[in-house]
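Below is coords.csv, holding CSV, C-alpha atoms.
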chain,number,residue,atom,x,y,z
O,1,MET,CA,9.3,6.8,7.6
O,2,ARG,CA,6.3,8.8,8.7
O,3,ASP,CA,6.7,12.3,10.2
O,4,LEU,CA,4.5,11.6,13.2
O,5,THR,CA,3.2,14.5,15.4
O,6,GLY,CA,3.0,14.7,19.1
O,7,VAL,CA,3.7,11.6,21.0
O,8,GLU,CA,1.6,9.4,18.7
O,9,PHE,CA,2.7,5.7,18.8
O,10,ASP,CA,3.7,4.6,15.3
O,11,PRO,CA,0.7,2.9,13.8
O,12,ASP,CA,2.8,0.9,11.5
O,13,LEU,CA,4.8,-0.5,14.4
O,14,ALA,CA,1.6,-1.2,16.3
O,15,ALA,CA,0.3,-3.2,13.3
O,16,LEU,CA,3.5,-5.2,13.2
O,17,MET,CA,3.2,-5.9,17.0
O,18,ARG,CA,-0.2,-7.3,16.4
O,19,GLU,CA,1.1,-9.6,13.6
O,20,GLY,CA,3.4,-11.4,16.0
O,21,PRO,CA,6.7,-11.1,17.9
O,22,VAL,CA,8.9,-11.4,14.8
O,23,SER,CA,7.8,-9.7,11.5
O,24,ARG,CA,9.3,-9.2,8.0
O,25,ILE,CA,10.0,-5.6,7.1
O,26,ARG,CA,11.5,-3.6,4.3
O,27,LEU,CA,12.6,0.0,4.9
O,28,PRO,CA,12.9,2.9,2.4
O,29,ASN,CA,16.7,2.7,1.8
O,30,GLY,CA,19.2,-0.1,1.3
O,31,GLU,CA,18.6,-3.6,-0.1
O,32,GLY,CA,16.6,-6.6,0.8
O,33,TRP,CA,14.4,-7.5,3.8
O,34,ALA,CA,15.0,-7.7,7.5
O,35,TRP,CA,13.3,-9.2,10.6
O,36,LEU,CA,11.8,-7.0,13.3
O,37,VAL,CA,11.7,-8.3,16.8
O,38,SER,CA,9.1,-6.5,19.0
O,39,ARG,CA,8.5,-8.6,22.2
O,40,HIS,CA,10.3,-7.5,25.4
O,41,GLU,CA,11.8,-11.0,26.1
O,42,ASP,CA,13.0,-11.4,22.5
O,43,VAL,CA,14.4,-7.9,22.2
O,44,ARG,CA,16.6,-8.6,25.3
O,45,THR,CA,17.6,-12.0,23.9
O,46,VAL,CA,18.7,-10.5,20.5
O,47,THR,CA,20.6,-7.5,22.0
O,48,ASN,CA,22.5,-9.7,24.4
O,49,ASP,CA,23.4,-12.6,22.1
O,50,PRO,CA,26.8,-12.4,20.5
O,51,ARG,CA,25.6,-14.4,17.5
O,52,PHE,CA,23.8,-11.2,16.4
O,53,SER,CA,26.6,-9.0,15.1
O,54,ARG,CA,26.7,-5.2,14.7
O,55,ARG,CA,30.1,-5.4,13.1
O,56,ALA,CA,28.8,-7.6,10.2
O,57,VAL,CA,26.5,-4.7,9.2
O,58,VAL,CA,29.4,-2.5,8.1
O,59,GLY,CA,29.9,-2.9,4.4
O,60,SER,CA,26.4,-4.4,3.9
O,61,ASP,CA,23.8,-2.4,2.1
O,62,VAL,CA,21.0,-3.6,4.5
O,63,THR,CA,17.5,-2.2,4.3
O,64,ARG,CA,17.4,0.9,6.6
O,65,LEU,CA,15.6,4.1,7.3
O,66,ALA,CA,18.3,6.7,6.6
O,67,PRO,CA,19.5,7.3,3.1
O,68,HIS,CA,23.0,7.6,4.4
O,69,PHE,CA,25.0,5.0,6.1
O,70,ILE,CA,28.2,6.6,7.4
O,71,PRO,CA,29.7,4.8,10.4
O,72,VAL,CA,33.2,6.1,11.2
O,73,ASP,CA,36.2,4.0,11.9
O,74,GLY,CA,36.1,2.9,15.5
O,75,ALA,CA,32.4,3.6,15.9
O,76,VAL,CA,31.6,1.7,19.0
O,77,GLY,CA,28.0,1.2,17.9
O,78,PHE,CA,29.2,-1.0,15.0
O,79,GLU,CA,31.6,-3.1,17.0
O,80,ASP,CA,31.2,-6.5,18.8
O,81,PRO,CA,33.1,-7.7,21.9
O,82,PRO,CA,36.0,-7.9,22.5
O,83,ASP,CA,36.7,-4.7,20.5
O,84,HIS,CA,33.4,-3.2,21.7
O,85,THR,CA,34.4,-3.8,25.3
O,86,ARG,CA,37.8,-2.3,24.8
O,87,LEU,CA,36.4,0.9,23.3
O,88,ARG,CA,33.8,1.4,26.0
O,89,ARG,CA,36.4,0.9,28.7
O,90,ALA,CA,38.2,4.0,27.4
O,91,VAL,CA,35.2,6.2,28.2
O,92,ALA,CA,33.7,4.3,31.1
O,93,PRO,CA,35.3,6.5,33.9
O,94,ALA,CA,33.3,9.5,32.7
O,95,PHE,CA,30.0,7.6,32.9
O,96,THR,CA,30.4,6.0,36.3
O,97,THR,CA,28.2,7.3,39.2
O,98,ARG,CA,31.2,9.2,40.4
O,99,GLY,CA,32.0,10.6,37.0
O,100,VAL,CA,28.4,11.8,36.4
O,101,GLU,CA,27.9,13.2,39.9
O,102,ARG,CA,31.1,15.2,39.3
O,103,LEU,CA,29.0,17.2,36.8
O,104,ARG,CA,25.9,17.6,38.9
O,105,GLY,CA,26.8,20.9,40.5
O,106,ARG,CA,28.0,22.5,37.3
O,107,ALA,CA,24.9,21.1,35.4
O,108,ARG,CA,22.5,22.5,38.0
O,109,ALA,CA,24.2,25.9,37.8
O,110,MET,CA,24.0,26.0,34.0
O,111,LEU,CA,20.3,25.1,34.2
O,112,ASP,CA,19.6,27.7,36.8
O,113,GLU,CA,21.2,30.3,34.7
O,114,LEU,CA,19.0,29.4,31.7
O,115,VAL,CA,15.8,29.4,33.8
O,116,ASP,CA,16.9,32.7,35.4
O,117,GLY,CA,17.1,34.2,32.0
O,118,VAL,CA,13.6,32.9,31.1
O,119,LEU,CA,12.1,34.3,34.3
O,120,ARG,CA,13.9,37.6,33.8
O,121,ASP,CA,12.7,38.1,30.3
O,122,GLY,CA,9.1,37.0,31.2
O,123,PRO,CA,6.5,35.1,29.2
O,124,PRO,CA,6.1,34.0,26.5
O,125,ALA,CA,9.2,31.8,26.0
O,126,ASP,CA,10.0,28.9,23.8
O,127,LEU,CA,11.0,26.1,26.2
O,128,VAL,CA,12.9,24.3,23.5
O,129,ALA,CA,15.0,27.2,22.4
O,130,ARG,CA,15.6,28.7,25.8
O,131,VAL,CA,16.1,25.6,28.0
O,132,LEU,CA,15.7,22.1,26.4
O,133,ALA,CA,18.2,22.6,23.6
O,134,PRO,CA,20.9,24.7,25.2
O,135,PHE,CA,21.0,22.7,28.5
O,136,PRO,CA,21.9,19.2,27.2
O,137,LEU,CA,24.3,20.8,24.7
O,138,ALA,CA,26.1,22.6,27.4
O,139,VAL,CA,26.3,19.5,29.6
O,140,VAL,CA,27.6,17.2,27.0
O,141,CYS,CA,30.1,19.8,25.8
O,142,GLU,CA,31.2,20.2,29.5
O,143,LEU,CA,31.6,16.4,29.7
O,144,MET,CA,33.6,16.4,26.4
O,145,GLY,CA,35.8,19.4,27.1
O,146,VAL,CA,34.4,21.4,24.1
O,147,PRO,CA,34.9,25.1,24.6
O,148,ALA,CA,31.8,27.3,24.8
O,149,ALA,CA,32.7,29.1,21.6
O,150,ASP,CA,32.5,25.9,19.6
O,151,ARG,CA,29.2,24.7,20.9
O,152,PRO,CA,26.9,26.2,18.2
O,153,ALA,CA,28.9,24.4,15.5
O,154,MET,CA,28.5,21.1,17.5
O,155,HIS,CA,24.8,21.6,17.6
O,156,GLU,CA,24.5,22.3,13.9
O,157,TRP,CA,26.6,19.3,12.9
O,158,THR,CA,24.6,17.0,15.2
O,159,SER,CA,21.3,18.2,13.7
O,160,LEU,CA,22.5,17.4,10.2
O,161,ILE,CA,23.9,14.0,11.1
O,162,LEU,CA,20.7,12.9,12.9
O,163,SER,CA,18.3,14.1,10.1
O,164,SER,CA,17.2,11.9,7.3
O,165,ALA,CA,15.7,15.0,5.5
O,166,GLU,CA,18.9,16.8,4.8
O,167,GLY,CA,20.3,14.1,2.4
O,168,ALA,CA,23.4,11.9,2.5
O,169,GLU,CA,25.8,14.5,1.3
O,170,ARG,CA,25.1,17.2,3.9
O,171,SER,CA,25.0,14.6,6.7
O,172,GLU,CA,28.4,13.2,5.6
O,173,ARG,CA,29.9,16.6,5.4
O,174,ALA,CA,28.7,17.3,8.9
O,175,ARG,CA,30.1,14.0,10.1
O,176,ASN,CA,33.5,14.8,8.5
O,177,ALA,CA,33.5,18.2,10.0
O,178,MET,CA,32.9,16.9,13.5
O,179,CYS,CA,35.5,14.2,13.1
O,180,GLY,CA,38.0,16.8,11.9
O,181,TYR,CA,37.2,19.0,14.9
O,182,PHE,CA,37.7,16.2,17.4
O,183,ALA,CA,40.9,15.0,15.7
O,184,ARG,CA,42.3,18.5,16.2
O,185,LEU,CA,41.1,18.8,19.8
O,186,LEU,CA,42.5,15.4,20.7
O,187,ALA,CA,45.9,16.4,19.3
O,188,GLU,CA,45.8,19.7,21.2
O,189,ARG,CA,44.9,18.0,24.5
O,190,HIS,CA,47.6,15.3,24.2
O,191,GLY,CA,49.4,14.9,27.5
O,192,THR,CA,47.5,17.8,29.2
O,193,GLY,CA,45.5,15.6,31.6
O,194,GLY,CA,42.1,16.2,33.0
O,195,GLU,CA,38.8,14.4,33.7
O,196,ASP,CA,36.8,15.4,30.6
O,197,MET,CA,36.1,13.0,27.8
O,198,VAL,CA,38.7,14.4,25.3
O,199,ALA,CA,41.4,14.1,28.0
O,200,LEU,CA,40.4,10.5,28.8
O,201,LEU,CA,40.4,9.6,25.1
O,202,SER,CA,43.7,11.3,24.5
O,203,ALA,CA,45.3,9.4,27.4
O,204,ALA,CA,43.9,6.1,26.1
O,205,VAL,CA,45.5,6.8,22.7
O,206,ALA,CA,48.8,7.7,24.3
O,207,ASP,CA,48.7,4.4,26.3
O,208,GLY,CA,48.0,2.4,23.2
O,209,GLU,CA,44.6,1.2,24.4
O,210,ILE,CA,42.7,2.7,21.4
O,211,THR,CA,43.8,4.3,18.1
O,212,GLY,CA,43.4,7.9,17.1
O,213,ALA,CA,40.6,7.0,14.7
O,214,GLU,CA,38.8,5.1,17.4
O,215,ALA,CA,39.0,8.0,19.8
O,216,VAL,CA,37.4,10.3,17.2
O,217,GLY,CA,34.6,7.8,16.6
O,218,LEU,CA,33.9,7.6,20.3
O,219,ALA,CA,33.9,11.3,20.7
O,220,LEU,CA,31.5,11.6,17.8
O,221,LEU,CA,29.1,9.1,19.3
O,222,VAL,CA,29.1,10.6,22.8
O,223,GLN,CA,28.6,14.2,21.4
O,224,ILE,CA,25.7,13.2,19.2
O,225,GLY,CA,24.1,11.0,21.8
O,226,GLY,CA,24.2,13.8,24.4
O,227,GLU,CA,21.8,16.0,22.4
O,228,ALA,CA,19.1,13.2,22.2
O,229,VAL,CA,18.1,14.5,25.7
O,230,THR,CA,16.7,17.6,24.0
O,231,ASN,CA,14.1,15.7,22.0
O,232,ASN,CA,13.3,13.2,24.7
O,233,THR,CA,12.7,15.9,27.3
O,234,GLY,CA,10.8,17.9,24.7
O,235,ASN,CA,8.4,15.0,24.4
O,236,MET,CA,8.1,14.7,28.2
O,237,ALA,CA,7.5,18.5,28.6
O,238,TYR,CA,4.8,18.3,25.9
O,239,LEU,CA,3.1,15.5,27.9
O,240,LEU,CA,3.2,17.6,31.1
O,241,LEU,CA,1.8,20.6,29.3
O,242,THR,CA,-1.1,18.8,27.6
O,243,ARG,CA,-1.9,16.5,30.5
O,244,PRO,CA,-2.1,18.8,33.6
O,245,GLU,CA,-2.9,15.9,35.9
O,246,LEU,CA,0.6,14.6,35.4
O,247,MET,CA,2.1,18.1,36.2
O,248,ASP,CA,-0.1,18.4,39.3
O,249,ARG,CA,1.1,15.0,40.5
O,250,LEU,CA,4.7,15.9,40.1
O,251,ARG,CA,4.2,19.2,41.9
O,252,GLY,CA,2.2,17.7,44.7
O,253,ASP,CA,4.2,14.6,45.3
O,254,PRO,CA,8.0,15.2,44.7
O,255,GLY,CA,8.7,11.6,45.9
O,256,VAL,CA,7.3,10.3,42.7
O,257,ARG,CA,9.6,12.1,40.4
O,258,ALA,CA,12.3,9.4,40.2
O,259,THR,CA,9.9,6.7,39.1
O,260,ALA,CA,8.1,9.3,36.8
O,261,VAL,CA,11.3,9.8,34.9
O,262,ASP,CA,11.5,6.0,34.2
O,263,GLU,CA,7.9,5.8,33.3
O,264,LEU,CA,8.1,8.7,30.8
O,265,LEU,CA,11.3,7.2,29.4
O,266,ARG,CA,9.4,4.0,28.9
O,267,TRP,CA,6.3,5.7,27.3
O,268,ILE,CA,7.6,8.4,25.0
O,269,PRO,CA,8.3,7.6,21.4
O,270,HIS,CA,12.1,8.3,21.4
O,271,ARG,CA,12.5,7.8,17.7
O,272,ASN,CA,10.9,7.4,14.3
O,273,GLY,CA,11.1,3.8,13.1
O,274,VAL,CA,13.9,1.6,14.3
O,275,GLY,CA,17.6,2.0,15.1
O,276,LEU,CA,20.7,0.1,14.0
O,277,CYS,CA,20.4,-3.5,12.9
O,278,ARG,CA,22.3,-6.7,13.6
O,279,ILE,CA,23.3,-9.6,11.3
O,280,ALA,CA,22.8,-13.2,12.4
O,281,THR,CA,26.1,-15.1,12.2
O,282,GLU,CA,24.4,-18.5,12.3
O,283,ASP,CA,21.0,-20.1,12.0
O,284,LEU,CA,18.9,-19.2,15.0
O,285,THR,CA,15.3,-19.3,16.3
O,286,VAL,CA,13.8,-16.2,18.0
O,287,GLY,CA,10.2,-16.1,19.1
O,288,GLY,CA,9.4,-19.3,17.2
O,289,GLN,CA,10.8,-17.8,13.9
O,290,GLU,CA,13.8,-19.3,12.2
O,291,ILE,CA,16.4,-16.7,11.2
O,292,ARG,CA,19.1,-17.7,8.8
O,293,ARG,CA,22.7,-16.9,8.9
O,294,GLY,CA,23.4,-13.6,7.2
O,295,GLU,CA,19.9,-12.2,7.6
O,296,ALA,CA,19.4,-8.7,9.1
O,297,VAL,CA,17.5,-8.3,12.4
O,298,TYR,CA,16.1,-5.1,13.9
O,299,VAL,CA,14.7,-4.8,17.4
O,300,SER,CA,12.2,-2.2,18.6
O,301,TYR,CA,12.8,-0.9,22.0
O,302,LEU,CA,9.5,1.2,21.6
O,303,ALA,CA,7.5,-2.0,21.1
O,304,ALA,CA,9.3,-3.8,23.9
O,305,ASN,CA,8.4,-0.9,26.2
O,306,ARG,CA,4.7,-1.5,25.4
O,307,ASP,CA,4.7,-5.3,25.8
O,308,PRO,CA,1.5,-6.2,27.8
O,309,GLU,CA,3.2,-9.3,29.1
O,310,VAL,CA,5.6,-7.2,31.0
O,311,PHE,CA,3.8,-3.9,31.6
O,312,ALA,CA,0.3,-3.7,33.0
O,313,ASP,CA,-1.7,-1.0,31.2
O,314,PRO,CA,1.2,-0.6,28.7
O,315,ASP,CA,-0.4,2.4,26.9
O,316,GLY,CA,-1.1,4.2,30.1
O,317,ILE,CA,1.3,6.5,32.0
O,318,VAL,CA,1.7,5.2,35.6
O,319,LEU,CA,4.1,7.7,37.3
O,320,ASP,CA,4.7,5.4,40.3
O,321,ARG,CA,5.2,2.2,38.2
O,322,SER,CA,7.5,-0.2,39.9
O,323,PRO,CA,9.2,-2.3,38.9
O,324,ASN,CA,9.8,-0.8,35.5
O,325,PRO,CA,12.2,-2.9,33.4
O,326,HIS,CA,12.0,-0.6,30.4
O,327,VAL,CA,14.7,-0.7,27.7
O,328,ALA,CA,14.6,2.9,26.7
O,329,PHE,CA,18.4,3.0,27.0
O,330,GLY,CA,18.8,-0.3,25.2
O,331,TYR,CA,20.0,-3.6,26.6
O,332,GLY,CA,23.1,-5.8,26.6
O,333,PRO,CA,26.6,-4.7,25.5
O,334,HIS,CA,25.2,-1.8,23.6
O,335,TYR,CA,23.2,-0.4,26.5
O,336,CYS,CA,23.6,3.4,26.3
O,337,VAL,CA,26.9,4.4,27.9
O,338,GLY,CA,25.4,7.8,28.8
O,339,ALA,CA,22.3,6.6,30.5
O,340,LEU,CA,23.2,7.9,33.9
O,341,LEU,CA,24.0,11.3,32.5
O,342,ALA,CA,20.8,11.5,30.6
O,343,ARG,CA,18.8,10.5,33.7
O,344,LEU,CA,20.6,13.2,35.7
O,345,GLU,CA,19.8,15.9,33.1
O,346,THR,CA,16.2,14.8,32.9
O,347,GLU,CA,15.7,14.8,36.7
O,348,LEU,CA,17.2,18.3,36.9
O,349,LEU,CA,15.1,19.6,34.1
O,350,PHE,CA,11.9,18.1,35.6
O,351,SER,CA,12.5,19.7,39.0
O,352,ALA,CA,13.4,23.1,37.4
O,353,LEU,CA,10.3,23.2,35.2
O,354,VAL,CA,7.9,22.0,37.9
O,355,ASP,CA,9.3,24.0,40.8
O,356,ARG,CA,10.4,27.3,39.2
O,357,LEU,CA,7.7,27.8,36.6
O,358,PRO,CA,4.4,27.2,38.5
O,359,GLY,CA,1.4,27.7,36.3
O,360,MET,CA,3.4,26.9,33.1
O,361,ARG,CA,1.1,26.2,30.2
O,362,LEU,CA,1.2,26.3,26.4
O,363,ALA,CA,1.1,29.7,24.8
O,364,VAL,CA,-0.5,28.5,21.6
O,365,PRO,CA,-3.2,25.9,20.7
O,366,GLU,CA,-1.8,22.4,20.8
O,367,GLU,CA,-2.5,21.8,17.1
O,368,GLU,CA,-0.1,24.7,16.2
O,369,LEU,CA,2.9,22.8,17.6
O,370,ARG,CA,5.3,21.3,15.0
O,371,TRP,CA,7.5,18.2,15.3
O,372,ARG,CA,11.0,18.0,13.7
O,373,PRO,CA,10.5,16.7,10.1
O,374,GLY,CA,12.7,13.9,8.9
O,375,ALA,CA,14.2,13.5,12.4
O,376,LEU,CA,15.5,10.0,13.4
O,377,ILE,CA,15.0,11.1,17.1
O,378,ARG,CA,11.5,12.6,17.5
O,379,GLY,CA,10.9,15.9,19.3
O,380,PRO,CA,9.0,19.2,19.1
O,381,GLU,CA,10.5,22.1,17.1
O,382,GLY,CA,9.3,24.4,19.8
O,383,LEU,CA,7.2,24.6,22.9
O,384,PRO,CA,5.9,28.2,23.5
O,385,VAL,CA,4.8,28.6,27.1
O,386,VAL,CA,3.5,31.2,29.5
O,387,TRP,CA,3.3,31.1,33.3
Please lay out the structure from this file as structure tokens.
Amino acid sequence: MRDLTGVEFDPDLAALMREGPVSRIRLPNGEGWAWLVSRHEDVRTVTNDPRFSRRAVVGSDVTRLAPHFIPVDGAVGFEDPPDHTRLRRAVAPAFTTRGVERLRGRARAMLDELVDGVLRDGPPADLVARVLAPFPLAVVCELMGVPAADRPAMHEWTSLILSSAEGAERSERARNAMCGYFARLLAERHGTGGEDMVALLSAAVADGEITGAEAVGLALLVQIGGEAVTNNTGNMAYLLLTRPELMDRLRGDPGVRATAVDELLRWIPHRNGVGLCRIATEDLTVGGQEIRRGEAVYVSYLAANRDPEVFADPDGIVLDRSPNPHVAFGYGPHYCVGALLARLETELLFSALVDRLPGMRLAVPEEELRWRPGALIRGPEGLPVVW
């Protein structure tokens, strides 16, 4: 896996896209080979076809990016329907439109407090350290019901779990520590009620809908996923800071901000490499390529989002692009459960940065910026700005 800088599109992925819609790949860890599906139509087919199984990956040493492969019991990302459906049902109320909107006022207040602090202290300020990291962490902890005093530990554990540079042992220790934390919190909250995620999971365990281990696995997934917003919005902010015409458009035309969020979600390189794979449970044909039962298959949402058959000028940023059927949040049963929340946070962040920090610009030359090494989810380490 390359440590790519900025928002450079992975040249290896671009080369595979030119080879054809279905390519043969071998990744740095694990055993054997896998197929990579890159065309938008084929990506949506594979991710929505039950004959491609996530559950079958568990226990298989498939070729993969990360040196560690540590799914926890009840990890919804490694389940297939009907168990996958049952697990998602336990957390669904928190991620409905009503559930997410319940957080809007509190999220905006937390964001305003962070920006107030930046304005009070004056320039320069590191946008990542002061806003883009603490805001999503605060929101997802608010959603989960994690007390403020425990949030720094959550951030540290998440960083270790999501890094391929820290090694399997440190990542596994971090995962075990987070699992132990949520097991204790779920036990403490048993029968106390509430609308936060831990309360919902505790009630689902009490009702026999999910097991305690499954509740811990779900809590882990949501907590980790919540901090992906930091890196994604870091990439977006970098684009606005280095392409002033985009910032000017957002300031001058507030009506374009909703479609702009979708376009930047489509365009930014969310991750290095590919995500979780699937195993074919029978012989199939995808994109004209025969895939045999038992073979591993990866999809690239990044490639699908640059498919010229679906997106005119796929490498350009068209802020008012419509329609925009991007798959930045995935597709099919494993579509990101927190998509509405991530979109809410991104929209709030955009408005705060554009409206409250007029004249914001980088405080250092662009070439001095650094991107997180070994990160599975790409993002800048810092964004020093003045205004």
Correct to one decimal, the distance atom CA of O:Val385-atom CA of O:Pro123 is 7.0 Å
| request: Can you work out which one of O:Gly59, O:Gly180, O:Pro136, O:Pro384 has the shortest atom-to-atom distance to O:Glu366, counting only C-alpha atoms? | output: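 Going through O:Gly59, O:Gly180, O:Pro136, O:Pro384 one by one, the smallest distance to O:Glu366 is for O:Pro384.
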message: Neighbouring residues of O:Val205 were defined as those with any atom within 12 Å, considering all atoms listed in the file; residues of the same chain fewer than 3 positions away were excluded. Please report them as a ChimeraX atom specification.
response: /O:87,90-91,183,186-187,189-191,198-202,208-216,218
* For O:Leu369, work out the shell of residues within 8 Å, counting all atoms listed in the file and skipping chain neighbours fewer than 3 positions away, then give it as a ChimeraX atom specification. => /O:364-366,380-383
Sort by chain and increasing residue number a table of all residues of stretch 294-362 of chain O within 7 Å of stretch 262-278 of chain O, each with its closest pair of atoms and their distance in Å to one decimal, counting only C-alpha atoms, and write it as a tab-separated table.
residue	atom	partner	partner_atom	distance
O:Ala296	CA	O:Arg278	CA	5.7
O:Val297	CA	O:Arg278	CA	5.2
O:Tyr298	CA	O:Cys277	CA	4.7
O:Ser300	CA	O:Val274	CA	6.0
O:Leu302	CA	O:Pro269	CA	6.5
O:Asn305	CA	O:Arg266	CA	5.7
O:Ile317	CA	O:Glu263	CA	6.8
O:Val318	CA	O:Glu263	CA	6.6
O:Leu319	CA	O:Glu263	CA	5.8
O:Arg321	CA	O:Glu263	CA	6.7
O:His326	CA	O:Arg266	CA	5.5
O:Ala328	CA	O:Arg266	CA	5.8
Report task. Would you kindly return, as a list in words, each protein, DNA or RNA residue with an atom no farther than 12 Å from any atom of O:Gly105, considering only C-alpha atoms and excluding same-chain residues fewer than 6 positions away? Result ->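 Counting only the stated atoms, we get Leu111, Asp112, Val139, Glu142, Leu344, Glu345 and Leu348 of chain O.
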Counting all atoms listed in the file, the residue of O:Arg378, O:Arg306, O:Arg292, O:Arg130 that sits nearest O:Met236: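 Using all atoms listed in the file, O:Met236 sits closest to O:Arg378.
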Practice task
For O:Pro81, list every protein, DNA or RNA residue within 12 Å, evaluated using only C-alpha atoms, and leave out those in the same chain fewer than 3 positions away; present the list as a PyMOL selection string.
Solution key: chain O and resi 48-55+76-78+84-89+332-334
Output file for the residues above (C-alpha atoms, as a short mmCIF file (atom, residue, chain, number, x, y, z; two decimals), in the frame of the given file):
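Contents of again33.cif, freshly written:
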data_model
loop_
_atom_site.label_atom_id
_atom_site.label_comp_id
_atom_site.auth_asym_id
_atom_site.auth_seq_id
_atom_site.Cartn_x
_atom_site.Cartn_y
_atom_site.Cartn_z
CA ASN O 48 22.50 -9.70 24.40
CA ASP O 49 23.40 -12.60 22.10
CA PRO O 50 26.80 -12.40 20.50
CA ARG O 51 25.60 -14.40 17.50
CA PHE O 52 23.80 -11.20 16.40
CA SER O 53 26.60 -9.00 15.10
CA ARG O 54 26.70 -5.20 14.70
CA ARG O 55 30.10 -5.40 13.10
CA VAL O 76 31.60 1.70 19.00
CA GLY O 77 28.00 1.20 17.90
CA PHE O 78 29.20 -1.00 15.00
CA HIS O 84 33.40 -3.20 21.70
CA THR O 85 34.40 -3.80 25.30
CA ARG O 86 37.80 -2.30 24.80
CA LEU O 87 36.40 0.90 23.30
CA ARG O 88 33.80 1.40 26.00
CA ARG O 89 36.40 0.90 28.70
CA GLY O 332 23.10 -5.80 26.60
CA PRO O 333 26.60 -4.70 25.50
CA HIS O 334 25.20 -1.80 23.60
#
Just the residues within 9 Å of O:Pro28, please, counting only C-alpha atoms, with nothing from its chain fewer than 6 positions along; format it as a ChimeraX atom specification.
/O:1,63-67
From atom CA of O:Val256 to atom CA of O:Tyr301 the spacing works out at 24.2 Å
Expressed in Å, the length from atom CA of O:Val57 to atom CA of O:Ser23 is 19.5 Å
Nearest to O:Ala34, chosen from O:Gly316, O:Ala280, O:Glu309, O:Ala107, with only C-alpha atoms counted in the distances
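Of O:Gly316, O:Ala280, O:Glu309, O:Ala107, the one nearest O:Ala34 is O:Ala280, counting only C-alpha atoms.
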Min atom-atom distance to O:Leu132 from the set O:Asn232, O:Met17, O:Arg343, O:Ala312, counting all atoms listed in the file, belongs to O:Asn232
Once you count only C-alpha atoms, what closest atom pair and distance in Å to one decimal does each residue of stretch 200-285 of chain O within 8 Å of stretch 335-338 of chain O have, with rows by chain and rising residue number, as JSON lines?
{"residue": "O:Val222", "atom": "CA", "partner": "O:Gly338", "partner_atom": "CA", "distance": 7.6}
{"residue": "O:Gly225", "atom": "CA", "partner": "O:Gly338", "partner_atom": "CA", "distance": 7.8}
{"residue": "O:Gly226", "atom": "CA", "partner": "O:Gly338", "partner_atom": "CA", "distance": 7.5}
*Go through O:Gly193, O:Ala94, O:Gly122, O:Glu368 one by one, measure the shortest atom-to-atom distance of each to O:Val386 using only C-alpha atoms, and give the residue with the smallest value.*
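Among O:Gly193, O:Ala94, O:Gly122, O:Glu368, it is O:Gly122 that comes nearest to O:Val386.
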Selected residue of minimal separation from O:His155 among O:Ile224, O:Arg18, O:Leu246, O:Met197, counting only C-alpha atoms
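When distances to O:His155 are compared using only C-alpha atoms, the smallest one comes from O:Ile224.
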